[in-house]
>>> print(open('data15.cif').read())   # mmCIF, C-alpha atoms
data_data
#
loop_
_atom_site.label_atom_id
_atom_site.label_comp_id
_atom_site.auth_asym_id
_atom_site.auth_seq_id
_atom_site.Cartn_x
_atom_site.Cartn_y
_atom_site.Cartn_z
CA MET A 1 -2.43 7.33 4.90
CA ALA A 2 -4.64 6.25 2.00
CA ASP A 3 -3.58 7.05 -1.54
CA ILE A 4 -6.20 8.96 -3.53
CA ALA A 5 -5.10 6.95 -6.61
CA GLU A 6 -6.87 4.00 -4.95
CA ALA A 7 -10.19 5.90 -5.04
CA LYS A 8 -13.05 4.10 -6.76
CA TRP A 9 -16.65 5.05 -7.51
CA TYR A 10 -19.37 3.75 -5.18
CA ILE A 11 -23.13 4.33 -5.25
CA LEU A 12 -25.14 5.50 -2.25
CA HIS A 13 -28.90 4.93 -2.13
CA THR A 14 -30.81 7.89 -0.67
CA TYR A 15 -34.34 8.88 0.20
CA SER A 16 -36.20 10.43 -2.71
CA GLY A 17 -35.39 14.12 -3.02
CA TYR A 18 -32.37 13.94 -0.67
CA GLU A 19 -29.71 13.50 -3.37
CA ASN A 20 -28.40 17.08 -3.39
CA LYS A 21 -28.62 17.40 0.40
CA VAL A 22 -26.62 14.17 0.85
CA MET A 23 -24.01 15.39 -1.65
CA THR A 24 -23.71 18.77 0.11
CA ASN A 25 -23.50 17.21 3.58
CA ILE A 26 -20.75 14.76 2.55
CA LEU A 27 -18.74 17.52 0.82
CA THR A 28 -19.09 19.73 3.92
CA LEU A 29 -17.90 16.93 6.21
CA VAL A 30 -14.94 16.21 3.94
CA GLU A 31 -13.98 19.91 3.93
CA ASN A 32 -14.44 20.40 7.69
CA ARG A 33 -12.53 17.27 8.67
CA GLY A 34 -9.82 17.55 5.99
CA LEU A 35 -10.67 14.20 4.44
CA GLN A 36 -9.92 15.07 0.81
CA HIS A 37 -7.41 12.20 0.85
CA LEU A 38 -10.32 9.75 1.40
CA ILE A 39 -13.30 11.21 -0.44
CA GLU A 40 -12.29 12.80 -3.74
CA GLU A 41 -15.60 13.53 -5.47
CA VAL A 42 -19.36 13.37 -4.86
CA LYS A 43 -21.85 13.65 -7.75
CA VAL A 44 -25.53 13.57 -8.57
CA PRO A 45 -25.50 13.02 -12.36
CA THR A 46 -27.94 15.36 -14.10
CA GLU A 47 -28.73 16.59 -17.56
CA ILE A 48 -30.45 19.69 -18.91
CA THR A 49 -33.61 18.95 -20.81
CA THR A 50 -36.36 21.00 -22.39
CA GLU A 51 -39.91 20.90 -21.13
CA VAL A 52 -42.87 22.23 -23.10
CA ASN A 53 -45.89 23.16 -20.98
CA ASP A 54 -48.88 25.15 -22.28
CA GLY A 55 -46.87 26.17 -25.34
CA LYS A 56 -44.04 27.59 -23.18
CA THR A 57 -40.57 26.08 -23.39
CA LYS A 58 -38.23 26.02 -20.42
CA GLN A 59 -34.95 24.34 -19.58
CA ILE A 60 -34.93 22.08 -16.53
CA GLU A 61 -32.24 20.02 -14.86
CA VAL A 62 -33.26 16.41 -14.23
CA LYS A 63 -31.48 13.74 -12.23
CA LEU A 64 -30.33 10.85 -14.38
CA TYR A 65 -30.65 8.41 -11.46
CA PRO A 66 -33.08 9.61 -8.77
CA CYS A 67 -32.33 8.32 -5.25
CA TYR A 68 -28.63 7.71 -6.02
CA VAL A 69 -25.45 9.64 -5.22
CA TYR A 70 -22.06 8.68 -6.65
CA VAL A 71 -18.99 8.93 -4.42
CA LYS A 72 -15.37 8.53 -5.55
CA MET A 73 -13.44 7.51 -2.46
CA VAL A 74 -10.87 5.28 -0.89
CA MET A 75 -12.86 2.71 1.07
CA THR A 76 -11.82 2.85 4.73
CA ASP A 77 -13.82 2.48 7.94
CA GLU A 78 -13.85 6.27 8.26
CA SER A 79 -15.02 7.02 4.70
CA TRP A 80 -17.62 4.24 4.93
CA TYR A 81 -18.91 5.62 8.24
CA ILE A 82 -19.18 9.19 6.93
CA CYS A 83 -21.15 8.17 3.83
CA ARG A 84 -23.31 5.54 5.49
CA ASN A 85 -24.29 7.79 8.42
CA THR A 86 -25.08 10.93 6.44
CA ARG A 87 -28.71 11.91 6.93
CA GLY A 88 -30.84 10.73 3.99
CA VAL A 89 -28.59 7.79 3.05
CA THR A 90 -30.20 4.35 3.25
CA GLY A 91 -27.02 2.47 2.37
CA PHE A 92 -24.46 1.57 -0.25
CA VAL A 93 -25.50 -0.28 -3.39
CA GLY A 94 -24.11 -3.79 -3.17
CA PRO A 95 -24.81 -7.09 -1.47
CA GLY A 96 -25.11 -7.03 2.30
CA SER A 97 -23.03 -4.45 4.14
CA LYS A 98 -20.01 -4.61 1.82
CA PRO A 99 -20.05 -1.88 -0.84
CA ILE A 100 -18.85 -2.95 -4.29
CA PRO A 101 -16.98 -0.36 -6.41
CA LEU A 102 -18.09 0.33 -9.96
CA THR A 103 -15.95 -1.03 -12.77
CA GLU A 104 -14.46 1.37 -15.33
CA ASP A 105 -17.04 0.22 -17.90
CA GLU A 106 -19.91 0.87 -15.47
CA VAL A 107 -18.58 4.35 -14.71
CA ALA A 108 -18.41 5.13 -18.43
CA ASN A 109 -21.83 3.65 -19.23
CA LEU A 110 -23.61 5.36 -16.34
CA GLY A 111 -22.33 8.78 -17.35
CA VAL A 112 -20.85 9.48 -13.92
CA VAL A 113 -17.71 10.97 -15.45
CA GLY A 114 -17.91 13.08 -18.60
CA LYS A 115 -16.58 11.41 -21.68
CA GLU A 116 -13.84 13.03 -23.68
CA ILE A 117 -15.28 14.67 -26.75
CA GLU A 118 -13.07 14.15 -29.78
CA GLN A 119 -15.12 16.18 -32.22
CA SER A 120 -15.76 19.88 -32.50
CA PHE A 121 -18.97 21.48 -33.62
CA LYS A 122 -19.95 24.66 -35.44
CA GLU A 123 -23.09 26.72 -35.29
CA GLY A 124 -25.49 25.71 -38.06
CA GLU A 125 -24.35 22.06 -38.17
CA ILE A 126 -26.96 19.32 -38.09
CA VAL A 127 -26.47 16.73 -35.35
CA THR A 128 -28.24 13.64 -34.01
CA VAL A 129 -29.05 13.28 -30.32
CA ILE A 130 -27.61 9.94 -29.14
CA SER A 131 -28.71 9.91 -25.48
CA GLY A 132 -31.30 11.37 -23.15
CA PRO A 133 -34.99 12.13 -23.67
CA LEU A 134 -34.40 13.53 -27.17
CA GLU A 135 -32.48 10.45 -28.36
CA GLY A 136 -33.00 9.85 -32.06
CA TYR A 137 -33.96 13.44 -32.88
CA GLU A 138 -31.96 15.59 -35.26
CA GLY A 139 -31.25 19.21 -34.47
CA VAL A 140 -29.38 22.28 -35.63
CA ILE A 141 -26.65 23.79 -33.44
CA LYS A 142 -27.51 27.35 -32.42
CA GLU A 143 -24.77 27.90 -29.79
CA TYR A 144 -21.61 25.94 -29.02
CA ASP A 145 -20.02 26.29 -25.55
CA GLU A 146 -16.72 24.41 -25.71
CA VAL A 147 -15.64 25.55 -22.22
CA ASN A 148 -18.65 23.97 -20.47
CA SER A 149 -19.01 21.12 -23.02
CA LYS A 150 -22.57 22.20 -23.83
CA VAL A 151 -24.46 22.91 -27.01
CA LEU A 152 -27.79 24.63 -27.64
CA ILE A 153 -29.69 22.96 -30.46
CA THR A 154 -33.14 23.36 -31.89
CA VAL A 155 -35.15 20.22 -32.48
CA SER A 156 -38.32 20.16 -34.57
CA MET A 157 -41.09 18.78 -32.35
CA PHE A 158 -44.77 18.92 -33.24
CA GLY A 159 -44.02 21.27 -36.11
CA ARG A 160 -42.18 23.80 -33.91
CA ASP A 161 -38.51 24.43 -33.23
CA THR A 162 -37.79 23.55 -29.61
CA PRO A 163 -34.48 24.63 -28.01
CA ALA A 164 -32.53 22.14 -25.91
CA THR A 165 -29.21 22.50 -24.09
CA LEU A 166 -27.27 19.24 -24.13
CA ASP A 167 -23.86 17.89 -23.15
CA LEU A 168 -21.50 17.41 -26.09
CA SER A 169 -21.43 13.69 -25.25
CA SER A 170 -25.17 13.54 -26.05
CA ILE A 171 -24.81 14.46 -29.72
CA LYS A 172 -22.91 13.36 -32.82
CA LYS A 173 -22.42 14.78 -36.28
CA ILE A 174 -24.52 13.39 -39.09
#
>>> encode(input="data15.cif", output="structure tokens")
Amino acid sequence: MADIAEAKWYILHTYSGYENKVMTNILTLVENRGLQHLIEEVKVPTEITTEVNDGKTKQIEVKLYPCYVYVKMVMTDESWYICRNTRGVTGFVGPGSKPIPLTEDEVANLGVVGKEIEQSFKEGEIVTVISGPLEGYEGVIKEYDEVNSKVLITVSMFGRDTPATLDLSSIKKI
């Protein structure tokens, strides 16, 4: 039996718009067949961003890497077959038919796994956005959700305060 400690992150390429369906189908197969010892985690990395349209502001969730699904698994013939033959999957990312696992640095840089946040924040603090579409902007913390590692900030854009919900890893204190 495979040891889940051997699990590594792999990237699946999918048809556009099939990312969540692929993730759901793989998780369902894992649950139904009892394969948690082979496939530990399946993710579609997303972030919450703010969209302003006709003067109205709304929060939307956007995929960081459209057409890609990240799978943490122990590579066996069975786990490969399940992922490769899930509807909507075009293949693994890597040369030829042999999938290549991500290195620890790649996993950290791609934002697949949340980074540990070593700083705490308070409402009213001024922060700088260090990643995402608002990178480089400064904002004021309005709400701090330590449990979900999220923060609501307001950023001054076009002379108006625009709210944005971000991951704690996306901001730093000034």
>>> resolve_selection(input="data15.cif", expression="the PyMOL selection byres ((chain A and resi 75) around 12)", output="mmCIF file with C-alpha atoms, in the coordinates of the input")
data_model
loop_
_atom_site.group_PDB
_atom_site.id
_atom_site.type_symbol
_atom_site.label_atom_id
_atom_site.label_comp_id
_atom_site.auth_asym_id
_atom_site.auth_seq_id
_atom_site.Cartn_x
_atom_site.Cartn_y
_atom_site.Cartn_z
ATOM 1 C CA ALA A 2 -4.640 6.250 2.000
ATOM 2 C CA ASP A 3 -3.580 7.050 -1.540
ATOM 3 C CA ILE A 4 -6.200 8.960 -3.530
ATOM 4 C CA ALA A 5 -5.100 6.950 -6.610
ATOM 5 C CA GLU A 6 -6.870 4.000 -4.950
ATOM 6 C CA ALA A 7 -10.190 5.900 -5.040
ATOM 7 C CA LYS A 8 -13.050 4.100 -6.760
ATOM 8 C CA TRP A 9 -16.650 5.050 -7.510
ATOM 9 C CA TYR A 10 -19.370 3.750 -5.180
ATOM 10 C CA HIS A 37 -7.410 12.200 0.850
ATOM 11 C CA LEU A 38 -10.320 9.750 1.400
ATOM 12 C CA ILE A 39 -13.300 11.210 -0.440
ATOM 13 C CA GLU A 40 -12.290 12.800 -3.740
ATOM 14 C CA VAL A 71 -18.990 8.930 -4.420
ATOM 15 C CA LYS A 72 -15.370 8.530 -5.550
ATOM 16 C CA MET A 73 -13.440 7.510 -2.460
ATOM 17 C CA VAL A 74 -10.870 5.280 -0.890
ATOM 18 C CA THR A 76 -11.820 2.850 4.730
ATOM 19 C CA ASP A 77 -13.820 2.480 7.940
ATOM 20 C CA GLU A 78 -13.850 6.270 8.260
ATOM 21 C CA SER A 79 -15.020 7.020 4.700
ATOM 22 C CA TRP A 80 -17.620 4.240 4.930
ATOM 23 C CA TYR A 81 -18.910 5.620 8.240
ATOM 24 C CA ILE A 82 -19.180 9.190 6.930
ATOM 25 C CA CYS A 83 -21.150 8.170 3.830
ATOM 26 C CA ARG A 84 -23.310 5.540 5.490
ATOM 27 C CA PHE A 92 -24.460 1.570 -0.250
ATOM 28 C CA LYS A 98 -20.010 -4.610 1.820
ATOM 29 C CA PRO A 99 -20.050 -1.880 -0.840
ATOM 30 C CA ILE A 100 -18.850 -2.950 -4.290
ATOM 31 C CA PRO A 101 -16.980 -0.360 -6.410
#
>>> atom_distance(input="data15.cif", atom1="CA of Ala108 (chain A)", atom2="CA of Ser169 (chain A)")
11.4 Å
>>> resolve_selection(input="data15.cif", expression="the PyMOL selection byres ((chain A and resi 143) around 10)", output="list in words")
Phe121, Lys122, Glu123, Gly124, Val140, Ile141, Lys142, Tyr144, Asp145, Glu146, Lys150, Val151, Leu152, Ile153, Thr154 and Thr165 of chain A
>>> closest_residue(input="data15.cif", among="A:Leu29, A:Ile126, A:Met23, A:Ile11", to="Tyr68 (chain A)", atoms="only C-alpha atoms")
A:Ile11
>>> residues_around(input="data15.cif", residues="Val62 (chain A)", least_positions_apart="2", cutoff="7 Å", atoms="only C-alpha atoms", output="count of residues only")
5
>>> atom_distance(input="data15.cif", atom1="CA of Ile171 (chain A)", atom2="CA of Asp54 (chain A)")
27.4 Å
>>> closest_residue(input="data15.cif", among="A:Thr86, A:Gln59, A:Glu51, A:Ser170", to="Gly136 (chain A)", atoms="all atoms listed in the file")
A:Ser170
>>> atom_distance(input="data15.cif", atom1="CA of Lys172 (chain A)", atom2="CA of Arg160 (chain A)")
21.9 Å
>>> residues_around(input="data15.cif", residues="Gly88 (chain A)", least_positions_apart="3", cutoff="7 Å", atoms="only C-alpha atoms", output="number ranges by chain")
A: 14-15, 18, 22
>>> resolve_selection(input="data15.cif", expression="the PyMOL selection byres ((chain A and resi 132) around 9)", output="list in words")
Glu47, Thr49, Leu64, Val129, Ile130, Ser131, Pro133, Leu134, Glu135, Leu166 and Ser170 of chain A
>>> write_last_selection(input="data15.cif", atoms="C-alpha atoms", output="PDB file, in the coordinates of the input")
ATOM      1  CA  GLU A  47     -28.730  16.590 -17.560  1.00  0.00           C
ATOM      2  CA  THR A  49     -33.610  18.950 -20.810  1.00  0.00           C
ATOM      3  CA  LEU A  64     -30.330  10.850 -14.380  1.00  0.00           C
ATOM      4  CA  VAL A 129     -29.050  13.280 -30.320  1.00  0.00           C
ATOM      5  CA  ILE A 130     -27.610   9.940 -29.140  1.00  0.00           C
ATOM      6  CA  SER A 131     -28.710   9.910 -25.480  1.00  0.00           C
ATOM      7  CA  PRO A 133     -34.990  12.130 -23.670  1.00  0.00           C
ATOM      8  CA  LEU A 134     -34.400  13.530 -27.170  1.00  0.00           C
ATOM      9  CA  GLU A 135     -32.480  10.450 -28.360  1.00  0.00           C
ATOM     10  CA  LEU A 166     -27.270  19.240 -24.130  1.00  0.00           C
ATOM     11  CA  SER A 170     -25.170  13.540 -26.050  1.00  0.00           C
TER      12      SER A 170
END
>>> residues_around(input="data15.cif", residues="Leu110 (chain A)", least_positions_apart="3", cutoff="9 Å", atoms="all atoms listed in the file", output="count of residues only")
6
>>> closest_residue(input="data15.cif", among="A:Thr28, A:Asn85, A:Thr50, A:Thr90", to="Ala164 (chain A)", atoms="all atoms listed in the file")
A:Thr50
>>> closest_residue(input="data15.cif", among="A:Glu19, A:Glu138, A:Glu41, A:Glu104", to="Ile174 (chain A)", atoms="only C-alpha atoms")
A:Glu138
>>> decode(input="data15.cif", residues="region 48-77 of chain A", atoms="N, CA and C atoms", output="CSV table (one decimal), in the first residue's frame")
chain,number,residue,atom,x,y,z
A,48,ILE,N,-10.1,36.0,-4.3
A,48,ILE,CA,-11.2,36.9,-4.3
A,48,ILE,C,-10.7,38.2,-4.8
A,49,THR,N,-11.4,38.8,-5.7
A,49,THR,CA,-11.0,40.1,-6.2
A,49,THR,C,-12.2,41.0,-6.3
A,50,THR,N,-12.0,42.3,-6.5
A,50,THR,CA,-13.1,43.2,-6.6
A,50,THR,C,-13.2,43.7,-8.0
A,51,GLU,N,-14.4,43.7,-8.5
A,51,GLU,CA,-14.7,44.2,-9.8
A,51,GLU,C,-15.6,45.4,-9.7
A,52,VAL,N,-15.3,46.5,-10.5
A,52,VAL,CA,-16.1,47.7,-10.5
A,52,VAL,C,-16.7,47.7,-11.9
A,53,ASN,N,-18.1,47.7,-12.0
A,53,ASN,CA,-18.8,47.8,-13.2
A,53,ASN,C,-19.9,48.7,-13.1
A,54,ASP,N,-20.0,49.8,-14.0
A,54,ASP,CA,-21.0,50.8,-13.9
A,54,ASP,C,-21.1,51.4,-12.5
A,55,GLY,N,-20.0,51.6,-11.9
A,55,GLY,CA,-20.0,52.3,-10.6
A,55,GLY,C,-20.4,51.3,-9.4
A,56,LYS,N,-20.7,50.1,-9.7
A,56,LYS,CA,-21.1,49.1,-8.7
A,56,LYS,C,-19.9,48.2,-8.4
A,57,THR,N,-19.6,47.9,-7.2
A,57,THR,CA,-18.5,47.1,-6.7
A,57,THR,C,-19.0,45.7,-6.3
A,58,LYS,N,-18.4,44.7,-6.8
A,58,LYS,CA,-18.8,43.3,-6.3
A,58,LYS,C,-17.6,42.5,-6.2
A,59,GLN,N,-17.6,41.5,-5.3
A,59,GLN,CA,-16.5,40.6,-5.1
A,59,GLN,C,-16.7,39.4,-6.0
A,60,ILE,N,-15.7,39.0,-6.7
A,60,ILE,CA,-15.7,37.8,-7.5
A,60,ILE,C,-14.5,36.9,-7.2
A,61,GLU,N,-14.8,35.6,-7.5
A,61,GLU,CA,-13.7,34.6,-7.3
A,61,GLU,C,-13.1,34.3,-8.7
A,62,VAL,N,-11.8,34.5,-8.8
A,62,VAL,CA,-11.2,34.2,-10.1
A,62,VAL,C,-10.1,33.1,-10.0
A,63,LYS,N,-10.0,32.3,-11.0
A,63,LYS,CA,-9.0,31.2,-11.0
A,63,LYS,C,-7.7,31.8,-11.2
A,64,LEU,N,-6.7,31.5,-10.4
A,64,LEU,CA,-5.3,32.0,-10.6
A,64,LEU,C,-4.7,31.4,-11.9
A,65,TYR,N,-5.0,30.1,-12.2
A,65,TYR,CA,-4.5,29.4,-13.3
A,65,TYR,C,-5.6,28.7,-14.1
A,66,PRO,N,-6.3,29.4,-15.0
A,66,PRO,CA,-7.3,28.8,-15.8
A,66,PRO,C,-6.8,27.6,-16.6
A,67,CYS,N,-7.6,26.6,-16.7
A,67,CYS,CA,-7.3,25.3,-17.4
A,67,CYS,C,-6.4,24.4,-16.7
A,68,TYR,N,-6.1,24.7,-15.4
A,68,TYR,CA,-5.2,23.8,-14.6
A,68,TYR,C,-5.9,23.4,-13.3
A,69,VAL,N,-5.6,22.1,-12.9
A,69,VAL,CA,-6.1,21.6,-11.6
A,69,VAL,C,-4.9,21.0,-11.0
A,70,TYR,N,-4.7,21.2,-9.7
A,70,TYR,CA,-3.5,20.7,-8.9
A,70,TYR,C,-4.0,19.5,-8.1
A,71,VAL,N,-3.2,18.4,-8.2
A,71,VAL,CA,-3.6,17.2,-7.5
A,71,VAL,C,-2.4,16.7,-6.6
A,72,LYS,N,-2.6,16.5,-5.3
A,72,LYS,CA,-1.5,16.0,-4.5
A,72,LYS,C,-1.8,14.5,-4.3
A,73,MET,N,-0.9,13.7,-4.9
A,73,MET,CA,-1.2,12.2,-4.9
A,73,MET,C,0.1,11.5,-4.9
A,74,VAL,N,0.0,10.2,-4.6
A,74,VAL,CA,1.0,9.2,-4.8
A,74,VAL,C,0.9,8.7,-6.2
A,75,MET,N,1.9,8.8,-7.0
A,75,MET,CA,1.8,8.4,-8.4
A,75,MET,C,1.9,6.9,-8.5
A,76,THR,N,0.8,6.3,-8.9
A,76,THR,CA,0.7,4.9,-9.2
A,76,THR,C,-0.1,4.7,-10.5
A,77,ASP,N,-0.1,3.5,-11.0
A,77,ASP,CA,-0.9,3.3,-12.3
A,77,ASP,C,-2.4,3.7,-12.0
